[in-house]
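Q: Before anything else, here's the structure in question.
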Amino acid sequence: MSSLNVLIVGGGVAGPAAAYWLSRIARANITLIERSPQMRATGQQLDLRVAGVDMMKKMGIEPAVRAVRVKEPGMQIVDTSGRTRAFFPAAEHGSGKQSITSEFEIMRGDLVKILYGLTEKRSNVRHLYNTTIQTFTQDDESDPNGKVHVTFSDGRKEDYDLVLAADGTGSRTRKIMLGPDAPDPRHVTGGYIAYFSSTSPGVFYFPFRYV
């Protein structure tokens, strides 16, 4: 049986997670590219909920996630006088309740490092940094041996059986595939949030303004 060559564009959360699952296919060769010159382990908190928690457990990374989770007790709304107007405690997984904070809240960078760690030593996964797609074309769908022909930012050309766009909401890969007239999935509502970290562990402030 021939090999399955897969290109994953984007080294955030979705890309490394997809690389892990696809690398479990014995005949699969995975190339994961990231436009940054190194692992982009930055960003604010994110919450794993419902199916996300189930997948985390199936991937065997629950102990690693628990070791670095934020342990935020919840979120409170405070007025300009410093008085608490509302408090939303963290929701425990399996409780049937949802809140602004989940039991598995983790800094984005920590989750990225954990996910990268799943495939860094796998012989069938190749991690490339400072690399983007310049353009690509696809053979006709009726061709059983059809490929996706990719040209990279450094001029290299390679063929793949599958290309996955995991490069975010503003995906450049998606724009190449759908064309310049494709609708923008982002919608400006006039709301803006700014995050600030305090000196107290696990405490963050995010003023919200709607204009």
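In the structure tokens, chains take letters A, B, ... by order of appearance, with residues numbered from 1 within each chain and ligands from 1 in the order shown.
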Which residues are near A:Ala64? Cut-off 12 Å, only C-alpha atoms, ignore same chain within fewer than 3 positions. Put them as a list in words.
A: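 Counting only C-alpha atoms, the residues come to Met56, Lys57, Met59, Gly60, Ile61, Ala67, Val68, Arg69, Phe104, Ile106, Asp110, Leu111, Val112, Lys113, Ile114, Leu115, Gly117 and Leu118 of chain A.
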Q: Per residue of stretch 19-72 of chain A within 12 Å of stretch 146-167 of chain A, which atom pair is closest and at what distance in Å (one decimal), using only C-alpha atoms, listed by chain and increasing number, as a tab-separated table?
A:
```
residue	atom	partner	partner_atom	distance
A:Ala19	CA	A:Leu164	CA	9.9
A:Leu22	CA	A:Leu162	CA	11.0
A:Ala28	CA	A:Asp161	CA	10.0
A:Asn29	CA	A:Tyr160	CA	9.7
A:Ile30	CA	A:Tyr160	CA	9.6
A:Thr31	CA	A:Tyr160	CA	9.6
A:Leu32	CA	A:Leu164	CA	9.5
A:Ile33	CA	A:Asp167	CA	9.6
A:Glu34	CA	A:Asp167	CA	8.4
A:Arg35	CA	A:Asp167	CA	9.2
A:Ser36	CA	A:Asp167	CA	11.5
```
Q: Kindly give the distance, in Å, that separates atom CA of A:Gly109 and atom CA of A:Gly43, rounded to a single decimal.
A: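 Rounded to one decimal, the two atoms are 6.1 Å apart.
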Q: Can you tell me how far atom CA of A:Gly168 sits from atom CA of A:Gly10, in Å to one decimal?
A: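 So the two atoms, atom CA of A:Gly168 and atom CA of A:Gly10, lie 7.5 Å apart.
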Q: Taking the backbone alone, and naming residues the way the document does, which bits of stretch 44-183 of chain A are strand (DSSP E or B) by DSSP, as JSON, numbers by chain?
A: {"A": [45, 46, 47, 48, 74, 75, 76, 77, 78, 84, 85, 86, 87, 88, 89, 91, 102, 104, 105, 106, 107, 125, 126, 127, 128, 129, 133, 134, 135, 136, 137, 138, 148, 149, 150, 151, 152, 157, 158, 159, 160, 162, 163, 164, 165]}
Q: So that I have them on file, write out the residues from the current selection with C-alpha atoms, as a tab-separated table (two decimals), in the first residue's frame.
A:
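Once written, out09.tsv looks like this:
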```
chain	number	residue	atom	x	y	z
A	45	GLN	CA	-5.95	31.30	28.43
A	46	LEU	CA	-8.21	28.86	26.66
A	47	ASP	CA	-10.69	26.38	28.09
A	48	LEU	CA	-11.11	22.72	27.26
A	74	GLY	CA	-13.79	31.73	38.35
A	75	MET	CA	-14.59	35.19	37.05
A	76	GLN	CA	-16.07	38.16	38.86
A	77	ILE	CA	-17.45	41.42	37.54
A	78	VAL	CA	-16.17	44.42	39.50
A	84	THR	CA	-18.04	42.72	43.11
A	85	ARG	CA	-21.28	42.74	41.15
A	86	ALA	CA	-21.29	39.10	40.02
A	87	PHE	CA	-19.19	35.96	40.44
A	88	PHE	CA	-19.09	32.98	38.09
A	89	PRO	CA	-17.24	30.00	39.64
A	91	ALA	CA	-17.37	24.68	36.19
A	102	SER	CA	-13.77	25.61	32.97
A	104	PHE	CA	-9.36	22.68	32.37
A	105	GLU	CA	-8.27	26.24	31.71
A	106	ILE	CA	-4.73	26.43	30.37
A	107	MET	CA	-2.46	29.01	28.80
A	125	VAL	CA	6.33	13.70	11.48
A	126	ARG	CA	8.43	16.57	10.14
A	127	HIS	CA	8.22	20.03	11.77
A	128	LEU	CA	9.22	22.99	9.58
A	129	TYR	CA	9.37	26.59	10.85
A	133	ILE	CA	2.54	28.10	1.31
A	134	GLN	CA	3.00	30.37	-1.68
A	135	THR	CA	0.42	28.61	-3.82
A	136	PHE	CA	-0.99	25.19	-4.63
A	137	THR	CA	-3.00	23.40	-7.30
A	138	GLN	CA	-5.01	20.19	-7.19
A	148	VAL	CA	-2.01	18.54	-4.38
A	149	HIS	CA	0.99	20.35	-5.85
A	150	VAL	CA	2.38	22.84	-3.32
A	151	THR	CA	4.89	25.64	-3.82
A	152	PHE	CA	6.42	26.89	-0.56
A	157	LYS	CA	7.76	22.25	-4.61
A	158	GLU	CA	6.28	19.09	-3.14
A	159	ASP	CA	3.25	16.89	-3.80
A	160	TYR	CA	0.79	15.73	-1.14
A	162	LEU	CA	-3.92	15.80	1.59
A	163	VAL	CA	-3.46	19.42	2.71
A	164	LEU	CA	-5.04	20.56	5.98
A	165	ALA	CA	-5.53	24.27	6.68
```
Q: Of the residues A:Val13, A:Ile8, A:Ala51, A:Ala18, which is the one nearest to A:Thr131, using only C-alpha atoms?
A: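 Once distances to A:Thr131 are computed over only C-alpha atoms, the minimum belongs to A:Ile8.
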Q: Among the residues of chain A, find those DSSP assigns to helix (DSSP H, G or I) from the backbone and print them as a VMD selection string.
A: chain A and resid 14 to 23 51 to 58 62 to 68 108 to 117 172 to 178
Q: Go ahead and write the residues just picked, N, CA and C atoms, as a CSV table (one decimal), in the first residue's frame.
A:
```csv
chain,number,residue,atom,x,y,z
A,14,ALA,N,-4.6,23.3,16.6
A,14,ALA,CA,-5.3,22.4,15.7
A,14,ALA,C,-4.2,21.6,14.9
A,15,GLY,N,-3.2,22.3,14.4
A,15,GLY,CA,-2.2,21.6,13.6
A,15,GLY,C,-1.5,20.5,14.3
A,16,PRO,N,-0.8,20.7,15.5
A,16,PRO,CA,-0.2,19.6,16.2
A,16,PRO,C,-1.1,18.5,16.6
A,17,ALA,N,-2.4,18.9,17.0
A,17,ALA,CA,-3.3,17.9,17.4
A,17,ALA,C,-3.6,16.9,16.2
A,18,ALA,N,-3.9,17.5,15.0
A,18,ALA,CA,-4.1,16.7,13.8
A,18,ALA,C,-2.9,15.9,13.5
A,19,ALA,N,-1.7,16.4,13.6
A,19,ALA,CA,-0.5,15.7,13.3
A,19,ALA,C,-0.4,14.4,14.2
A,20,TYR,N,-0.8,14.6,15.4
A,20,TYR,CA,-0.7,13.4,16.4
A,20,TYR,C,-1.6,12.3,15.9
A,21,TRP,N,-2.9,12.6,15.6
A,21,TRP,CA,-3.8,11.6,15.2
A,21,TRP,C,-3.5,11.0,13.8
A,22,LEU,N,-3.0,11.8,12.9
A,22,LEU,CA,-2.7,11.3,11.6
A,22,LEU,C,-1.4,10.4,11.6
A,23,SER,N,-0.5,10.8,12.5
A,23,SER,CA,0.8,10.0,12.6
A,23,SER,C,0.6,8.6,13.1
A,51,ALA,N,-16.4,17.8,24.6
A,51,ALA,CA,-15.7,16.9,23.7
A,51,ALA,C,-14.2,17.2,23.7
A,52,GLY,N,-13.8,18.4,24.0
A,52,GLY,CA,-12.3,18.8,24.1
A,52,GLY,C,-11.7,18.0,25.2
A,53,VAL,N,-12.4,17.9,26.3
A,53,VAL,CA,-11.9,17.2,27.5
A,53,VAL,C,-11.8,15.7,27.2
A,54,ASP,N,-12.8,15.1,26.5
A,54,ASP,CA,-12.8,13.7,26.1
A,54,ASP,C,-11.6,13.4,25.2
A,55,MET,N,-11.3,14.3,24.2
A,55,MET,CA,-10.2,14.1,23.3
A,55,MET,C,-8.9,14.2,24.1
A,56,MET,N,-8.8,15.2,25.0
A,56,MET,CA,-7.6,15.3,25.8
A,56,MET,C,-7.2,14.0,26.5
A,57,LYS,N,-8.2,13.4,27.1
A,57,LYS,CA,-8.0,12.1,27.8
A,57,LYS,C,-7.6,11.0,26.8
A,58,LYS,N,-8.2,11.0,25.7
A,58,LYS,CA,-7.9,9.9,24.7
A,58,LYS,C,-6.5,10.1,24.2
A,62,GLU,N,-3.9,14.3,29.8
A,62,GLU,CA,-4.6,14.9,31.0
A,62,GLU,C,-3.6,15.2,32.1
A,63,PRO,N,-2.7,14.3,32.5
A,63,PRO,CA,-1.8,14.7,33.6
A,63,PRO,C,-0.9,15.9,33.2
A,64,ALA,N,-0.5,16.0,32.0
A,64,ALA,CA,0.3,17.2,31.6
A,64,ALA,C,-0.5,18.4,31.6
A,65,VAL,N,-1.8,18.4,31.2
A,65,VAL,CA,-2.6,19.6,31.2
A,65,VAL,C,-2.9,20.0,32.7
A,66,ARG,N,-3.2,19.0,33.5
A,66,ARG,CA,-3.5,19.3,34.9
A,66,ARG,C,-2.3,19.9,35.6
A,67,ALA,N,-1.1,19.5,35.2
A,67,ALA,CA,0.1,20.1,35.8
A,67,ALA,C,0.4,21.5,35.6
A,68,VAL,N,-0.2,22.1,34.5
A,68,VAL,CA,0.1,23.5,34.1
A,68,VAL,C,-1.2,24.3,34.0
A,108,ARG,N,-2.5,29.1,26.4
A,108,ARG,CA,-2.4,28.6,25.0
A,108,ARG,C,-1.0,28.0,24.8
A,109,GLY,N,0.0,28.8,25.2
A,109,GLY,CA,1.4,28.3,25.0
A,109,GLY,C,1.7,27.0,25.6
A,110,ASP,N,1.2,26.8,26.8
A,110,ASP,CA,1.4,25.5,27.5
A,110,ASP,C,0.8,24.3,26.7
A,111,LEU,N,-0.4,24.6,26.2
A,111,LEU,CA,-1.1,23.5,25.4
A,111,LEU,C,-0.4,23.2,24.1
A,112,VAL,N,0.1,24.3,23.5
A,112,VAL,CA,0.9,24.1,22.3
A,112,VAL,C,2.1,23.2,22.5
A,113,LYS,N,2.8,23.5,23.6
A,113,LYS,CA,4.0,22.7,23.9
A,113,LYS,C,3.7,21.3,24.2
A,114,ILE,N,2.6,21.0,24.9
A,114,ILE,CA,2.2,19.6,25.2
A,114,ILE,C,1.9,18.9,23.9
A,115,LEU,N,1.1,19.6,23.0
A,115,LEU,CA,0.7,18.9,21.7
A,115,LEU,C,1.9,18.7,20.8
A,116,TYR,N,2.9,19.6,20.8
A,116,TYR,CA,4.1,19.4,20.0
A,116,TYR,C,4.9,18.2,20.5
A,117,GLY,N,4.9,18.1,21.8
A,117,GLY,CA,5.6,17.0,22.5
A,117,GLY,C,5.2,15.6,22.1
A,172,ARG,N,-4.7,31.9,5.3
A,172,ARG,CA,-4.3,32.2,4.0
A,172,ARG,C,-4.5,31.0,3.1
A,173,THR,N,-4.3,29.8,3.6
A,173,THR,CA,-4.5,28.6,2.8
A,173,THR,C,-6.0,28.5,2.3
A,174,ARG,N,-6.9,28.9,3.2
A,174,ARG,CA,-8.3,28.8,2.8
A,174,ARG,C,-8.6,29.8,1.7
A,175,LYS,N,-8.0,31.0,1.8
A,175,LYS,CA,-8.2,32.0,0.8
A,175,LYS,C,-7.7,31.5,-0.6
A,176,ILE,N,-6.5,30.8,-0.6
A,176,ILE,CA,-6.0,30.3,-1.8
A,176,ILE,C,-6.9,29.3,-2.4
A,177,MET,N,-7.5,28.5,-1.6
A,177,MET,CA,-8.4,27.4,-2.0
A,177,MET,C,-9.7,27.9,-2.5
A,178,LEU,N,-10.3,28.9,-1.8
A,178,LEU,CA,-11.6,29.4,-2.1
A,178,LEU,C,-11.6,30.6,-3.1
```
Q: Which is closest to A:Gln38 among A:Thr101, A:Ser142, A:Gly12, A:Gly191, if we use only C-alpha atoms?
A: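 Looking at the shortest contact to A:Gln38, the residue is A:Gly12.
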Q: Just how far from atom CA of A:Leu7 is atom CA of A:Asn124, in Å to one decimal?
A: 12.0 Å
